[in-house]
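A.B. asks: Here you go, one structure.
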Amino acid sequence: MRFPRVIDYRVELPEERLTSDFNEDSIMGLTPDVVGATETQTSGIIGENVDLNFVHTGDVRPS
């Protein structure tokens, strides 16, 4: 089986533009119930369990 050599590709975008209409109903408040789990426990076959959470993000510089 032989496959053609592809050198480049092309993307064809649709002509129509997307628009949006934001109003007061467009606001969504984020709560722990909406966001979901914020702590995960991972473990390998061998070794100690690791708890991953957002505590370490307090020391991270915002980008």
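Just so we're on the same page: first chain in the structure tokens is A, next is B, and so on; residues restart at 1 for each chain, and ligands are numbered from 1 in the order they show up.
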Within 12 Å of range 54-59 of chain A, counting only C-alpha atoms, which residues qualify if same-chain residues fewer than 2 places away don't, as number ranges by chain?
C.D. replies: A: 37-40, 51-52, 61-63
A.B. asks: Could you please take those selected residues and save N, CA and C atoms as a PDB file, in the first residue's frame?
C.D. replies:
ATOM      1  N   ALA A  37     -15.337  18.458  41.247  1.00  0.00           N
ATOM      2  CA  ALA A  37     -14.294  18.066  42.190  1.00  0.00           C
ATOM      3  C   ALA A  37     -13.070  18.962  42.057  1.00  0.00           C
ATOM      4  N   THR A  38     -12.525  19.361  43.198  1.00  0.00           N
ATOM      5  CA  THR A  38     -11.310  20.171  43.196  1.00  0.00           C
ATOM      6  C   THR A  38     -10.176  19.453  43.892  1.00  0.00           C
ATOM      7  N   GLU A  39     -10.372  18.203  44.260  1.00  0.00           N
ATOM      8  CA  GLU A  39      -9.313  17.406  44.869  1.00  0.00           C
ATOM      9  C   GLU A  39      -9.353  16.007  44.275  1.00  0.00           C
ATOM     10  N   THR A  40      -8.187  15.524  43.903  1.00  0.00           N
ATOM     11  CA  THR A  40      -8.082  14.212  43.284  1.00  0.00           C
ATOM     12  C   THR A  40      -6.971  13.439  43.964  1.00  0.00           C
ATOM     13  N   ASP A  51      -2.246  13.512  46.782  1.00  0.00           N
ATOM     14  CA  ASP A  51      -3.470  14.302  46.737  1.00  0.00           C
ATOM     15  C   ASP A  51      -3.213  15.554  45.919  1.00  0.00           C
ATOM     16  N   LEU A  52      -3.951  15.727  44.832  1.00  0.00           N
ATOM     17  CA  LEU A  52      -3.821  16.907  43.982  1.00  0.00           C
ATOM     18  C   LEU A  52      -4.992  17.837  44.281  1.00  0.00           C
ATOM     19  N   ARG A  61       2.488  32.541  40.351  1.00  0.00           N
ATOM     20  CA  ARG A  61       2.313  33.894  39.828  1.00  0.00           C
ATOM     21  C   ARG A  61       1.266  33.873  38.715  1.00  0.00           C
ATOM     22  N   PRO A  62       0.273  34.785  38.745  1.00  0.00           N
ATOM     23  CA  PRO A  62      -0.726  34.805  37.663  1.00  0.00           C
ATOM     24  C   PRO A  62      -0.065  35.205  36.344  1.00  0.00           C
ATOM     25  N   SER A  63      -0.457  34.535  35.283  1.00  0.00           N
ATOM     26  CA  SER A  63       0.144  34.838  33.976  1.00  0.00           C
ATOM     27  C   SER A  63      -0.659  35.892  33.251  1.00  0.00           C
TER      28      SER A  63
END
A.B. asks: So that I can check the secondary structure, give me every residue of chain A assigned helix (DSSP H, G or I) by backbone DSSP, as an NGL selection string.
C.D. replies: :A and (24-26 or 32-35 or 55-59)
A.B. asks: Quick one: DSSP strand (DSSP E) residues in chain A, as a list in words?
C.D. replies: Thr40, Gln41, Thr42, Val50, Asp51 and Leu52 of chain A
A.B. asks: Quick one: pull the distance between CA of Gly44 in chain A and CA of Pro32 in chain A, Å, one decimal.
C.D. replies: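 Separation between CA of Gly44 in chain A and CA of Pro32 in chain A: 27.6 Å.
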A.B. asks: What's around Thr42 in chain A at 12 Å? Count only C-alpha atoms, leave out sequence neighbours fewer than 4 positions away in its own chain, and write the answer as a PDB file with N, CA and C atoms, in the first residue's frame.
C.D. replies:
ATOM      1  N   ILE A  46       2.933   1.031  42.617  1.00  0.00           N
ATOM      2  CA  ILE A  46       3.915   1.049  43.703  1.00  0.00           C
ATOM      3  C   ILE A  46       4.088   2.495  44.137  1.00  0.00           C
ATOM      4  N   GLY A  47       4.160   2.724  45.424  1.00  0.00           N
ATOM      5  CA  GLY A  47       4.456   4.062  45.909  1.00  0.00           C
ATOM      6  C   GLY A  47       3.321   4.671  46.687  1.00  0.00           C
ATOM      7  N   GLU A  48       3.536   5.905  47.065  1.00  0.00           N
ATOM      8  CA  GLU A  48       2.622   6.629  47.935  1.00  0.00           C
ATOM      9  C   GLU A  48       1.517   7.303  47.132  1.00  0.00           C
ATOM     10  N   ASN A  49       0.346   7.434  47.744  1.00  0.00           N
ATOM     11  CA  ASN A  49      -0.743   8.189  47.129  1.00  0.00           C
ATOM     12  C   ASN A  49      -0.401   9.669  47.118  1.00  0.00           C
ATOM     13  N   VAL A  50      -0.897  10.398  46.126  1.00  0.00           N
ATOM     14  CA  VAL A  50      -0.674  11.836  46.019  1.00  0.00           C
ATOM     15  C   VAL A  50      -2.031  12.516  45.926  1.00  0.00           C
ATOM     16  N   ASP A  51      -2.246  13.512  46.782  1.00  0.00           N
ATOM     17  CA  ASP A  51      -3.470  14.302  46.737  1.00  0.00           C
ATOM     18  C   ASP A  51      -3.213  15.554  45.919  1.00  0.00           C
ATOM     19  N   LEU A  52      -3.951  15.727  44.832  1.00  0.00           N
ATOM     20  CA  LEU A  52      -3.821  16.907  43.982  1.00  0.00           C
ATOM     21  C   LEU A  52      -4.992  17.837  44.281  1.00  0.00           C
ATOM     22  N   ASN A  53      -4.676  19.102  44.611  1.00  0.00           N
ATOM     23  CA  ASN A  53      -5.711  20.089  44.881  1.00  0.00           C
ATOM     24  C   ASN A  53      -5.201  21.459  44.475  1.00  0.00           C
TER      25      ASN A  53
END
